[in-house]
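Asker: Below is the structure I would like to discuss, written out as structure tokens.
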Amino acid sequence: MSFTTDNNSKPKSMSRAKGWTSEVENLFRFQQAGYRDELEYLQVKQGTLVDRWPESGFVKKLQRRDNTFYYYSKKRECEDRDVNKVKVYAY
């Protein structure tokens, strides 16, 4: 995913995920850590790179707003029952 780094970027619309994809998996991980998506994470944690698993490209580690860390598995963590809870934002 590539994002613009405009600090005033606000989503224009939001929809729910309909099926599992690698993008939905990463959004699930960001939202579980308290962020809207990768763009918001990069805006809040300026200068912080997102650690990813090289094999799958999934997010490996995220720092929450209270400075604790979430560590994620190489494998899928967003179960089918959680897919419809994931919010997909359009900019």
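We name chains A, B, ... following the order of the structure tokens; residues begin at 1 in each chain, and ligands are numbered from 1 as shown.
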Could you write out, as JSON, numbers by chain, all the residues of chain A that DSSP marks as strand (DSSP E)?
Answerer: {"A": [13, 14, 15, 16, 51, 52, 59, 60, 61, 62, 63, 69, 70, 71, 87, 88, 89, 90]}
Asker: Near Val88 of chain A, counting only C-alpha atoms, which residues have an atom at most 9 Å away, once you skip same-chain residues fewer than 4 positions from it, shown as a PDB file with N, CA, C and O atoms, in the first residue's frame?
Answerer:
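Below is the file out-v8.pdb, written as the result:
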```pdb
ATOM      1  N   SER A  13     -14.831   8.080   2.661  1.00  0.00           N
ATOM      2  CA  SER A  13     -15.909   7.130   2.917  1.00  0.00           C
ATOM      3  C   SER A  13     -15.359   5.903   3.624  1.00  0.00           C
ATOM      4  O   SER A  13     -14.154   5.677   3.668  1.00  0.00           O
ATOM      5  N   MET A  14     -16.288   5.111   4.167  1.00  0.00           N
ATOM      6  CA  MET A  14     -15.927   3.898   4.881  1.00  0.00           C
ATOM      7  C   MET A  14     -16.894   2.802   4.481  1.00  0.00           C
ATOM      8  O   MET A  14     -18.082   3.035   4.326  1.00  0.00           O
ATOM      9  N   SER A  15     -16.351   1.607   4.295  1.00  0.00           N
ATOM     10  CA  SER A  15     -17.193   0.443   4.037  1.00  0.00           C
ATOM     11  C   SER A  15     -16.639  -0.719   4.859  1.00  0.00           C
ATOM     12  O   SER A  15     -15.531  -0.639   5.393  1.00  0.00           O
ATOM     13  N   ARG A  16     -17.413  -1.761   4.952  1.00  0.00           N
ATOM     14  CA  ARG A  16     -16.986  -2.950   5.690  1.00  0.00           C
ATOM     15  C   ARG A  16     -16.396  -3.966   4.719  1.00  0.00           C
ATOM     16  O   ARG A  16     -16.851  -4.088   3.583  1.00  0.00           O
ATOM     17  N   ALA A  17     -15.422  -4.708   5.187  1.00  0.00           N
ATOM     18  CA  ALA A  17     -14.819  -5.756   4.367  1.00  0.00           C
ATOM     19  C   ALA A  17     -15.843  -6.869   4.132  1.00  0.00           C
ATOM     20  O   ALA A  17     -16.597  -7.228   5.033  1.00  0.00           O
ATOM     21  N   VAL A  24      -7.154  -6.755   3.992  1.00  0.00           N
ATOM     22  CA  VAL A  24      -8.076  -6.811   5.132  1.00  0.00           C
ATOM     23  C   VAL A  24      -7.345  -7.319   6.371  1.00  0.00           C
ATOM     24  O   VAL A  24      -7.552  -6.811   7.475  1.00  0.00           O
ATOM     25  N   LEU A  27      -5.363  -4.403   7.718  1.00  0.00           N
ATOM     26  CA  LEU A  27      -6.276  -3.427   8.314  1.00  0.00           C
ATOM     27  C   LEU A  27      -6.779  -3.918   9.667  1.00  0.00           C
ATOM     28  O   LEU A  27      -6.896  -3.146  10.618  1.00  0.00           O
ATOM     29  N   ARG A  36      -6.802   3.614  12.468  1.00  0.00           N
ATOM     30  CA  ARG A  36      -7.724   3.446  11.351  1.00  0.00           C
ATOM     31  C   ARG A  36      -7.091   2.569  10.277  1.00  0.00           C
ATOM     32  O   ARG A  36      -7.725   1.644   9.764  1.00  0.00           O
ATOM     33  N   ASP A  37      -5.837   2.879   9.927  1.00  0.00           N
ATOM     34  CA  ASP A  37      -5.120   2.161   8.880  1.00  0.00           C
ATOM     35  C   ASP A  37      -3.655   2.554   8.940  1.00  0.00           C
ATOM     36  O   ASP A  37      -3.219   3.247   9.858  1.00  0.00           O
TER      37      ASP A  37
END
```
Asker: Excluding Lys45 of chain A and residues on its chain fewer than 6 positions from it, collect all residues at most 12 Å away from it, counting only C-alpha atoms, and give them as an MDAnalysis selection string.
Answerer: chainID A and resid 7 35 38:39 62:67
Asker: Atoms to include: N, CA, C and O atoms. Write the selected residues as a PDB file, in the first residue's frame.
Answerer:
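Generated file (part-v3.pdb):
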```
ATOM      1  N   ASN A   7      -0.711  15.411   6.185  1.00  0.00           N
ATOM      2  CA  ASN A   7      -1.152  15.281   7.574  1.00  0.00           C
ATOM      3  C   ASN A   7      -2.638  15.549   7.755  1.00  0.00           C
ATOM      4  O   ASN A   7      -3.193  15.238   8.792  1.00  0.00           O
ATOM      5  N   TYR A  35      -5.659   1.997  15.475  1.00  0.00           N
ATOM      6  CA  TYR A  35      -5.489   2.934  14.358  1.00  0.00           C
ATOM      7  C   TYR A  35      -6.482   2.610  13.260  1.00  0.00           C
ATOM      8  O   TYR A  35      -6.909   1.472  13.110  1.00  0.00           O
ATOM      9  N   GLU A  38      -2.889   2.126   7.953  1.00  0.00           N
ATOM     10  CA  GLU A  38      -1.456   2.410   7.940  1.00  0.00           C
ATOM     11  C   GLU A  38      -1.177   3.903   7.850  1.00  0.00           C
ATOM     12  O   GLU A  38      -0.226   4.404   8.466  1.00  0.00           O
ATOM     13  N   LEU A  39      -1.986   4.628   7.120  1.00  0.00           N
ATOM     14  CA  LEU A  39      -1.801   6.072   6.985  1.00  0.00           C
ATOM     15  C   LEU A  39      -1.885   6.765   8.342  1.00  0.00           C
ATOM     16  O   LEU A  39      -1.014   7.570   8.690  1.00  0.00           O
ATOM     17  N   LEU A  62       3.234  -3.582  15.943  1.00  0.00           N
ATOM     18  CA  LEU A  62       2.714  -2.216  15.960  1.00  0.00           C
ATOM     19  C   LEU A  62       2.826  -1.653  17.367  1.00  0.00           C
ATOM     20  O   LEU A  62       2.632  -2.369  18.354  1.00  0.00           O
ATOM     21  N   GLN A  63       3.108  -0.365  17.442  1.00  0.00           N
ATOM     22  CA  GLN A  63       3.163   0.315  18.730  1.00  0.00           C
ATOM     23  C   GLN A  63       1.848   1.053  18.928  1.00  0.00           C
ATOM     24  O   GLN A  63       1.446   1.867  18.098  1.00  0.00           O
ATOM     25  N   ARG A  64       1.174   0.740  20.031  1.00  0.00           N
ATOM     26  CA  ARG A  64      -0.094   1.402  20.324  1.00  0.00           C
ATOM     27  C   ARG A  64       0.155   2.826  20.780  1.00  0.00           C
ATOM     28  O   ARG A  64       1.282   3.242  21.007  1.00  0.00           O
ATOM     29  N   ARG A  65      -0.924   3.584  20.951  1.00  0.00           N
ATOM     30  CA  ARG A  65      -0.807   4.981  21.377  1.00  0.00           C
ATOM     31  C   ARG A  65      -0.267   5.111  22.793  1.00  0.00           C
ATOM     32  O   ARG A  65       0.328   6.119  23.142  1.00  0.00           O
ATOM     33  N   ASP A  66      -0.450   4.084  23.614  1.00  0.00           N
ATOM     34  CA  ASP A  66       0.080   4.127  24.980  1.00  0.00           C
ATOM     35  C   ASP A  66       1.492   3.538  25.062  1.00  0.00           C
ATOM     36  O   ASP A  66       1.986   3.232  26.135  1.00  0.00           O
ATOM     37  N   ASN A  67       2.128   3.383  23.907  1.00  0.00           N
ATOM     38  CA  ASN A  67       3.515   2.931  23.754  1.00  0.00           C
ATOM     39  C   ASN A  67       3.751   1.471  24.127  1.00  0.00           C
ATOM     40  O   ASN A  67       4.892   1.065  24.305  1.00  0.00           O
TER      41      ASN A  67
END
```
Asker: Distance atom CA of Ser56 of chain A-atom CA of Gln43 of chain A, one decimal place?
Answerer: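 Atom CA of Gln43 of chain A lies at a distance of 24.2 Å from atom CA of Ser56 of chain A.
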Asker: Go through chain A and collect every residue that DSSP, computed from the backbone, puts in alpha helix (DSSP H); the answer should be as a PyMOL selection string.
Answerer: chain A and resi 22-32+38-44
Asker: Would you mind listing what lies within 12 Å of Glu79 of chain A as a PyMOL selection string, with only C-alpha atoms counted and same-chain residues fewer than 5 positions away left out?
Answerer: chain A and resi 19-21+24-25+28-29+84-86
Asker: Need to verify the contact set: Lys61 of chain A, 10 Å, only C-alpha atoms, exclusion of same-chain residues closer than 3 positions in sequence. Can you return it as an MDAnalysis selection string?
Answerer: chainID A and resid 29:30 33 49:53 58 64 69:73
Asker: Output N, CA, C and O atoms for every residue in the selection just made, as a PDB file, in the first residue's frame.
Answerer:
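Below is the file part-v8.pdb, written as the result:
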```
ATOM      1  N   ARG A  29      -5.197  -5.766  11.751  1.00  0.00           N
ATOM      2  CA  ARG A  29      -4.111  -5.608  12.720  1.00  0.00           C
ATOM      3  C   ARG A  29      -3.956  -4.148  13.141  1.00  0.00           C
ATOM      4  O   ARG A  29      -3.771  -3.863  14.328  1.00  0.00           O
ATOM      5  N   PHE A  30      -4.037  -3.218  12.198  1.00  0.00           N
ATOM      6  CA  PHE A  30      -3.956  -1.801  12.555  1.00  0.00           C
ATOM      7  C   PHE A  30      -5.131  -1.402  13.442  1.00  0.00           C
ATOM      8  O   PHE A  30      -4.958  -0.697  14.434  1.00  0.00           O
ATOM      9  N   ALA A  33      -4.903  -2.504  16.988  1.00  0.00           N
ATOM     10  CA  ALA A  33      -3.946  -1.704  17.753  1.00  0.00           C
ATOM     11  C   ALA A  33      -4.448  -0.279  17.997  1.00  0.00           C
ATOM     12  O   ALA A  33      -3.770   0.510  18.642  1.00  0.00           O
ATOM     13  N   LEU A  49       8.740   3.064  11.119  1.00  0.00           N
ATOM     14  CA  LEU A  49       8.436   2.177  10.006  1.00  0.00           C
ATOM     15  C   LEU A  49       7.578   1.020  10.503  1.00  0.00           C
ATOM     16  O   LEU A  49       7.667   0.626  11.662  1.00  0.00           O
ATOM     17  N   VAL A  50       6.766   0.484   9.626  1.00  0.00           N
ATOM     18  CA  VAL A  50       5.913  -0.649   9.974  1.00  0.00           C
ATOM     19  C   VAL A  50       6.713  -1.928   9.752  1.00  0.00           C
ATOM     20  O   VAL A  50       7.188  -2.180   8.650  1.00  0.00           O
ATOM     21  N   ASP A  51       6.889  -2.714  10.816  1.00  0.00           N
ATOM     22  CA  ASP A  51       7.585  -3.995  10.699  1.00  0.00           C
ATOM     23  C   ASP A  51       6.650  -5.001  10.063  1.00  0.00           C
ATOM     24  O   ASP A  51       5.497  -5.162  10.492  1.00  0.00           O
ATOM     25  N   ARG A  52       7.153  -5.701   9.036  1.00  0.00           N
ATOM     26  CA  ARG A  52       6.344  -6.694   8.322  1.00  0.00           C
ATOM     27  C   ARG A  52       7.094  -8.020   8.247  1.00  0.00           C
ATOM     28  O   ARG A  52       8.311  -8.056   8.239  1.00  0.00           O
ATOM     29  N   TRP A  53       6.327  -9.104   8.191  1.00  0.00           N
ATOM     30  CA  TRP A  53       6.906 -10.423   7.964  1.00  0.00           C
ATOM     31  C   TRP A  53       7.331 -10.493   6.503  1.00  0.00           C
ATOM     32  O   TRP A  53       6.520 -10.230   5.612  1.00  0.00           O
ATOM     33  N   PHE A  58       2.514  -9.477   5.972  1.00  0.00           N
ATOM     34  CA  PHE A  58       1.609  -9.057   7.032  1.00  0.00           C
ATOM     35  C   PHE A  58       2.370  -8.213   8.054  1.00  0.00           C
ATOM     36  O   PHE A  58       3.584  -8.365   8.232  1.00  0.00           O
ATOM     37  N   ARG A  64       1.174   0.740  20.031  1.00  0.00           N
ATOM     38  CA  ARG A  64      -0.094   1.402  20.324  1.00  0.00           C
ATOM     39  C   ARG A  64       0.155   2.826  20.780  1.00  0.00           C
ATOM     40  O   ARG A  64       1.282   3.242  21.007  1.00  0.00           O
ATOM     41  N   PHE A  69       3.331  -2.574  22.805  1.00  0.00           N
ATOM     42  CA  PHE A  69       3.443  -3.167  21.481  1.00  0.00           C
ATOM     43  C   PHE A  69       2.482  -4.325  21.301  1.00  0.00           C
ATOM     44  O   PHE A  69       2.200  -5.066  22.250  1.00  0.00           O
ATOM     45  N   TYR A  70       2.008  -4.488  20.086  1.00  0.00           N
ATOM     46  CA  TYR A  70       1.270  -5.673  19.664  1.00  0.00           C
ATOM     47  C   TYR A  70       2.176  -6.439  18.718  1.00  0.00           C
ATOM     48  O   TYR A  70       2.735  -5.858  17.779  1.00  0.00           O
ATOM     49  N   TYR A  71       2.330  -7.733  18.957  1.00  0.00           N
ATOM     50  CA  TYR A  71       3.104  -8.589  18.080  1.00  0.00           C
ATOM     51  C   TYR A  71       2.143  -9.564  17.414  1.00  0.00           C
ATOM     52  O   TYR A  71       1.274 -10.133  18.065  1.00  0.00           O
ATOM     53  N   TYR A  72       2.331  -9.756  16.108  1.00  0.00           N
ATOM     54  CA  TYR A  72       1.418 -10.587  15.334  1.00  0.00           C
ATOM     55  C   TYR A  72       2.148 -11.768  14.711  1.00  0.00           C
ATOM     56  O   TYR A  72       3.341 -11.698  14.418  1.00  0.00           O
ATOM     57  N   SER A  73       1.400 -12.807  14.463  1.00  0.00           N
ATOM     58  CA  SER A  73       1.913 -14.038  13.874  1.00  0.00           C
ATOM     59  C   SER A  73       2.154 -13.860  12.374  1.00  0.00           C
ATOM     60  O   SER A  73       1.622 -12.953  11.747  1.00  0.00           O
TER      61      SER A  73
END
```
Asker: Could you work out how far atom CA of Val59 of chain A lies from atom CA of Pro11 of chain A, giving the answer in Å with one decimal?
Answerer: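 Distance reported for this atom pair: 21.4 Å.
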Asker: Rank nothing, just name the residue among A:Lys74, A:Lys12, A:Glu23, A:Val83 nearest to Pro54 of chain A, using only C-alpha atoms.
Answerer: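 So, comparing all the options, the nearest one is A:Lys74.
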Asker: What does the structure give for the distance between atom CA of Tyr41 of chain A and atom CA of Gly57 of chain A, in Å to one decimal?
Answerer: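 Taking atom CA of Tyr41 of chain A and atom CA of Gly57 of chain A, their separation equals 16.8 Å.
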Asker: Tell me which of A:Ser9, A:Thr68, A:Gln46, A:Gln32 sits closest to Lys87 of chain A, counting only C-alpha atoms.
Answerer: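 Among the listed residues, A:Gln32 lies closest to Lys87 of chain A.
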Asker: Please provide as a ChimeraX atom specification all residues within 10 Å of Lys10 of chain A, with the sequence filter that same-chain residues fewer than 4 positions apart are discarded (counting only C-alpha atoms).
Answerer: /A:6,39-40,89-91
